[in-house]
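Novice: Pasting in a structure now, in structure tokens, and then I'll have a few things to ask.
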Amino acid sequence: MRICICDDDPVTVEYLSDFIHTYLRGKYPKTCEISTFQNGTALLEDQEPKDLVFLDIEMPEMNGLRVGQQLVERNKDVLIIFVTSHNKYLDDAMDLRAFRYLSKPIDEERLLRSLQKALNIYSNITTTLPVDTKDRVYTIHTSHIISIETKGHEVIVHTTDGDYHTAQNMRYWLDRLPSGMFFQSHRSFIVNFAHVSDFNHTVIHLHDNQFNAYLTRRKYKDFKKAFLLYAGTH
């Protein structure tokens with residue numbers, strides 16, 4: 001995982017860098033890299049992957065909101081935590097589906113919770129699982145799974161890259177998919193909250209309405225609660 005800190009205030013950069021280093025040292029000593037940048041132009045010119053970005057909004061040369069927009073266009077899975085002294089940018093930051101918004105001076109407890117949640121989400125979206133088909137075994141990212149559907153004795157894994165037909169049953173998937181990200185809405189369907197467009201008491205529309213899944217009425221309340229919880233943390 002690569003974590004980037006972009007802020008024109010060297011004190012903020014040092015504080016965030018030291019805090020993250022200290023936290024990661026005990027939990028992820030060899031799997032995370034931290035890079036720092038003093039402006040948005042330098043961050044965008046950097047060609048290395050960016051998984052989590054702490055991004056100041058008011059910076060010279062380029063506003064952090066514009067930088068964030070370009071980061072999302074390049075990688076829809078990037079997690080952005082905006083850091084600013086001015087709450088007037090909150091609505092604009094939320095329009096970019098920013099993961100978190102931290103006000104200066106930074107509250108340590110809020111920073112800790114944001115960092116922990118970001119690492120959990122990153123783990124979920126980068127998890128891969130094998131799909132055993134008649135032709136070969138594929139490895140797919142769980143974040144690319146839209147839904148999983150049973151048809152007769154066959155299970156179809158619908159993904160953003162296409163469909164995979166497999167004999168691996170629903171229990172196989174339920175035991176291995178990241179918790180909090182997937183929900184079995186019906187005995188024949190498992191859906192990924194990240195791809196839900198809308199839903200009612202009986203049907204879930206997925207991936208810009210390209211796919212549908214059944215939702216049993218007795219599971220509606222639990223599904224709604226789980227979906228709102230997921231949406232509130234992403």
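Each chain in the structure tokens gets a letter, A, B, ..., in the order shown, and its residues are numbered from 1; ligands are numbered from 1 in order too.
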Contacts of A:Ile5 at 8 Å or less, counting only C-alpha atoms, minus same-chain residues fewer than 3 places along, as a list in words?
Specialist: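 The contact residues come out as Val13, Leu16, Ser17, Ile34, Ser35, Thr36, Phe37, Val53, Phe54 and Leu55 of chain A.
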Novice: Neighbouring residues of A:Ile80 were defined as those with any atom within 9 Å, considering only C-alpha atoms; residues of the same chain fewer than 4 positions away were excluded. Please report them as a PDB file with N, CA and C atoms, in the first residue's frame.
Specialist:
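Now in selection-v4.pdb:
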```pdb
ATOM      1  N   ASP A  51      -2.686   4.769  -3.216  1.00  0.00           N
ATOM      2  CA  ASP A  51      -3.803   4.029  -2.635  1.00  0.00           C
ATOM      3  C   ASP A  51      -4.583   4.863  -1.620  1.00  0.00           C
ATOM      4  N   LEU A  52      -3.857   5.595  -0.779  1.00  0.00           N
ATOM      5  CA  LEU A  52      -4.471   6.475   0.212  1.00  0.00           C
ATOM      6  C   LEU A  52      -3.750   7.811   0.154  1.00  0.00           C
ATOM      7  N   VAL A  53      -4.529   8.903   0.030  1.00  0.00           N
ATOM      8  CA  VAL A  53      -3.938  10.236  -0.111  1.00  0.00           C
ATOM      9  C   VAL A  53      -4.513  11.176   0.944  1.00  0.00           C
ATOM     10  N   PHE A  54      -3.632  11.759   1.754  1.00  0.00           N
ATOM     11  CA  PHE A  54      -3.999  12.862   2.644  1.00  0.00           C
ATOM     12  C   PHE A  54      -3.745  14.138   1.857  1.00  0.00           C
ATOM     13  N   LEU A  55      -4.807  14.878   1.569  1.00  0.00           N
ATOM     14  CA  LEU A  55      -4.716  15.962   0.595  1.00  0.00           C
ATOM     15  C   LEU A  55      -5.235  17.275   1.166  1.00  0.00           C
ATOM     16  N   GLY A  68      -7.798  16.226  -6.359  1.00  0.00           N
ATOM     17  CA  GLY A  68      -8.562  15.046  -5.983  1.00  0.00           C
ATOM     18  C   GLY A  68      -9.415  14.518  -7.123  1.00  0.00           C
ATOM     19  N   LEU A  71      -7.235  12.606  -9.440  1.00  0.00           N
ATOM     20  CA  LEU A  71      -6.829  11.327  -8.844  1.00  0.00           C
ATOM     21  C   LEU A  71      -7.937  10.289  -8.989  1.00  0.00           C
ATOM     22  N   VAL A  72      -9.179  10.706  -8.756  1.00  0.00           N
ATOM     23  CA  VAL A  72     -10.312   9.794  -8.867  1.00  0.00           C
ATOM     24  C   VAL A  72     -10.518   9.361 -10.316  1.00  0.00           C
ATOM     25  N   ARG A  97     -16.835  12.194  -3.319  1.00  0.00           N
ATOM     26  CA  ARG A  97     -16.905  10.939  -2.562  1.00  0.00           C
ATOM     27  C   ARG A  97     -15.600  10.710  -1.788  1.00  0.00           C
ATOM     28  N   ALA A  98     -15.116  11.807  -1.197  1.00  0.00           N
ATOM     29  CA  ALA A  98     -13.920  11.691  -0.378  1.00  0.00           C
ATOM     30  C   ALA A  98     -14.172  10.713   0.762  1.00  0.00           C
ATOM     31  N   PHE A  99     -13.148   9.966   1.075  1.00  0.00           N
ATOM     32  CA  PHE A  99     -13.295   8.960   2.125  1.00  0.00           C
ATOM     33  C   PHE A  99     -13.497   9.611   3.494  1.00  0.00           C
ATOM     34  N   ARG A 100     -12.719  10.640   3.791  1.00  0.00           N
ATOM     35  CA  ARG A 100     -12.839  11.354   5.060  1.00  0.00           C
ATOM     36  C   ARG A 100     -12.479  12.828   4.851  1.00  0.00           C
ATOM     37  N   TYR A 101     -12.821  13.630   5.867  1.00  0.00           N
ATOM     38  CA  TYR A 101     -12.540  15.065   5.854  1.00  0.00           C
ATOM     39  C   TYR A 101     -12.041  15.431   7.245  1.00  0.00           C
TER      40      TYR A 101
END
```
Novice: Could you give me, as a PyMOL selection string, the residues within 12 Å of A:Pro130, counting only C-alpha atoms and dropping anything in the same chain fewer than 2 positions from it?
Specialist: chain A and resi 127-128+132-133+136-142+157+164+166+168+172-173+176-177
Novice: Rounded to one decimal place, report the atom CA of A:Cys32-atom CA of A:Gln116 distance in Å.
Specialist: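 Straight-line distance from atom CA of A:Cys32 to atom CA of A:Gln116 works out to 13.2 Å.
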Novice: Skipping near chain neighbours, those fewer than 6 positions away, what residues fall within 10 Å of A:Ser147 using only C-alpha atoms, listed as JSON, numbers by chain?
Specialist: {"A": [156, 157, 158, 159, 160, 163, 182, 183, 184, 189, 190, 191, 192, 193, 195, 196, 206, 207, 211, 212, 213]}
Novice: Since we have the selection now, will you write its residues out, keeping N, CA, C and O atoms, as an mmCIF file, in the first residue's frame?
Specialist:
```cif
data_model
loop_
_atom_site.group_PDB
_atom_site.id
_atom_site.type_symbol
_atom_site.label_atom_id
_atom_site.label_comp_id
_atom_site.auth_asym_id
_atom_site.auth_seq_id
_atom_site.Cartn_x
_atom_site.Cartn_y
_atom_site.Cartn_z
ATOM 1 N N ILE A 156 -22.887 -18.189 -11.299
ATOM 2 C CA ILE A 156 -22.333 -17.188 -12.219
ATOM 3 C C ILE A 156 -21.810 -16.014 -11.401
ATOM 4 O O ILE A 156 -22.551 -15.411 -10.621
ATOM 5 N N VAL A 157 -20.538 -15.711 -11.560
ATOM 6 C CA VAL A 157 -19.922 -14.566 -10.898
ATOM 7 C C VAL A 157 -19.900 -13.421 -11.900
ATOM 8 O O VAL A 157 -19.140 -13.441 -12.868
ATOM 9 N N HIS A 158 -20.757 -12.420 -11.682
ATOM 10 C CA HIS A 158 -20.808 -11.250 -12.561
ATOM 11 C C HIS A 158 -19.767 -10.230 -12.095
ATOM 12 O O HIS A 158 -19.795 -9.803 -10.937
ATOM 13 N N THR A 159 -18.855 -9.856 -12.953
ATOM 14 C CA THR A 159 -17.814 -8.883 -12.589
ATOM 15 C C THR A 159 -17.761 -7.771 -13.621
ATOM 16 O O THR A 159 -18.370 -7.861 -14.695
ATOM 17 N N THR A 160 -17.030 -6.736 -13.301
ATOM 18 C CA THR A 160 -16.860 -5.622 -14.236
ATOM 19 C C THR A 160 -16.056 -6.038 -15.458
ATOM 20 O O THR A 160 -16.030 -5.324 -16.461
ATOM 21 N N ASP A 163 -18.416 -12.277 -17.082
ATOM 22 C CA ASP A 163 -19.015 -13.324 -16.248
ATOM 23 C C ASP A 163 -18.135 -14.568 -16.191
ATOM 24 O O ASP A 163 -17.507 -14.950 -17.190
ATOM 25 N N PHE A 182 -20.290 -7.382 1.160
ATOM 26 C CA PHE A 182 -21.200 -8.233 0.404
ATOM 27 C C PHE A 182 -22.371 -8.668 1.285
ATOM 28 O O PHE A 182 -22.254 -8.754 2.507
ATOM 29 N N PHE A 183 -23.507 -8.952 0.628
ATOM 30 C CA PHE A 183 -24.717 -9.341 1.364
ATOM 31 C C PHE A 183 -25.482 -10.359 0.527
ATOM 32 O O PHE A 183 -25.673 -10.163 -0.678
ATOM 33 N N GLN A 184 -25.931 -11.445 1.173
ATOM 34 C CA GLN A 184 -26.768 -12.411 0.467
ATOM 35 C C GLN A 184 -28.214 -11.933 0.573
ATOM 36 O O GLN A 184 -28.872 -12.089 1.600
ATOM 37 N N PHE A 189 -28.737 -15.023 -4.704
ATOM 38 C CA PHE A 189 -27.948 -13.843 -5.020
ATOM 39 C C PHE A 189 -27.094 -13.361 -3.846
ATOM 40 O O PHE A 189 -27.559 -13.305 -2.703
ATOM 41 N N ILE A 190 -25.858 -13.001 -4.162
ATOM 42 C CA ILE A 190 -24.985 -12.237 -3.263
ATOM 43 C C ILE A 190 -24.624 -10.971 -4.021
ATOM 44 O O ILE A 190 -24.251 -11.030 -5.202
ATOM 45 N N VAL A 191 -24.737 -9.812 -3.380
ATOM 46 C CA VAL A 191 -24.459 -8.554 -4.076
ATOM 47 C C VAL A 191 -23.341 -7.786 -3.380
ATOM 48 O O VAL A 191 -23.128 -7.915 -2.171
ATOM 49 N N ASN A 192 -22.644 -6.992 -4.168
ATOM 50 C CA ASN A 192 -21.578 -6.124 -3.684
ATOM 51 C C ASN A 192 -22.164 -4.731 -3.484
ATOM 52 O O ASN A 192 -22.647 -4.110 -4.431
ATOM 53 N N PHE A 193 -22.128 -4.221 -2.250
ATOM 54 C CA PHE A 193 -22.684 -2.908 -1.959
ATOM 55 C C PHE A 193 -22.090 -1.811 -2.845
ATOM 56 O O PHE A 193 -22.762 -0.835 -3.163
ATOM 57 N N HIS A 195 -21.558 -1.724 -5.853
ATOM 58 C CA HIS A 195 -22.153 -1.641 -7.187
ATOM 59 C C HIS A 195 -23.667 -1.453 -7.151
ATOM 60 O O HIS A 195 -24.322 -1.520 -8.195
ATOM 61 N N VAL A 196 -24.232 -1.197 -5.973
ATOM 62 C CA VAL A 196 -25.677 -1.001 -5.863
ATOM 63 C C VAL A 196 -26.057 0.384 -6.384
ATOM 64 O O VAL A 196 -25.523 1.400 -5.934
ATOM 65 N N LEU A 206 -28.099 -2.988 -9.966
ATOM 66 C CA LEU A 206 -26.658 -2.965 -9.780
ATOM 67 C C LEU A 206 -25.930 -2.435 -11.009
ATOM 68 O O LEU A 206 -26.400 -2.594 -12.148
ATOM 69 N N HIS A 207 -24.763 -1.816 -10.736
ATOM 70 C CA HIS A 207 -23.843 -1.415 -11.805
ATOM 71 C C HIS A 207 -24.556 -0.600 -12.873
ATOM 72 O O HIS A 207 -24.625 -0.985 -14.046
ATOM 73 N N PHE A 211 -27.477 -4.843 -14.074
ATOM 74 C CA PHE A 211 -27.776 -6.137 -13.463
ATOM 75 C C PHE A 211 -28.855 -5.953 -12.399
ATOM 76 O O PHE A 211 -28.958 -4.882 -11.788
ATOM 77 N N ASN A 212 -29.636 -7.009 -12.197
ATOM 78 C CA ASN A 212 -30.638 -7.011 -11.128
ATOM 79 C C ASN A 212 -30.403 -8.207 -10.215
ATOM 80 O O ASN A 212 -29.872 -9.233 -10.647
ATOM 81 N N ALA A 213 -30.810 -8.061 -8.964
ATOM 82 C CA ALA A 213 -30.761 -9.174 -8.013
ATOM 83 C C ALA A 213 -32.034 -9.138 -7.185
ATOM 84 O O ALA A 213 -32.572 -8.064 -6.900
#
```
Novice: Which neighbours of stretch 216-225 of chain A fall inside 8 Å, counting only C-alpha atoms, when residues of the same chain fewer than 4 positions from it are skipped, and could you give them as an MDAnalysis selection string?
Specialist: chainID A and resid 183 185:186 201:202 229
Novice: At what distance in Å, to one decimal, does atom CA of A:Asp198 lie from atom CA of A:Pro178?
Specialist: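 Distance reported for this atom pair: 21.3 Å.
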Novice: Just asking: which residues within stretch 75-156 of chain A are alpha helix (DSSP H) according to DSSP, as a list in words?
Specialist: Leu90, Asp91, Asp92, Ala93, Met94, Asp95, Glu108, Glu109, Arg110, Leu111, Leu112, Arg113, Ser114, Leu115, Gln116, Lys117, Ala118, Leu119, Asn120, Ile121, Tyr122, Ser123, Asn124 and Ile125 of chain A
Novice: State, in Å with one decimal place, the distance from atom CA of A:Gln47 to atom CA of A:Gly162.
Specialist: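 Result for atom CA of A:Gln47 versus atom CA of A:Gly162: 28.4 Å, one decimal.
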Novice: Pull the strand (DSSP E) assignments for stretch 7-218 of chain A out of DSSP run on the backbone, and list those residues as a PyMOL selection string.
Specialist: chain A and resi 33-37+52-56+79-84+100-103+128-132+137-141+145-151+154-159+162-166+182-186+189-192+196-199+203-206+211-214
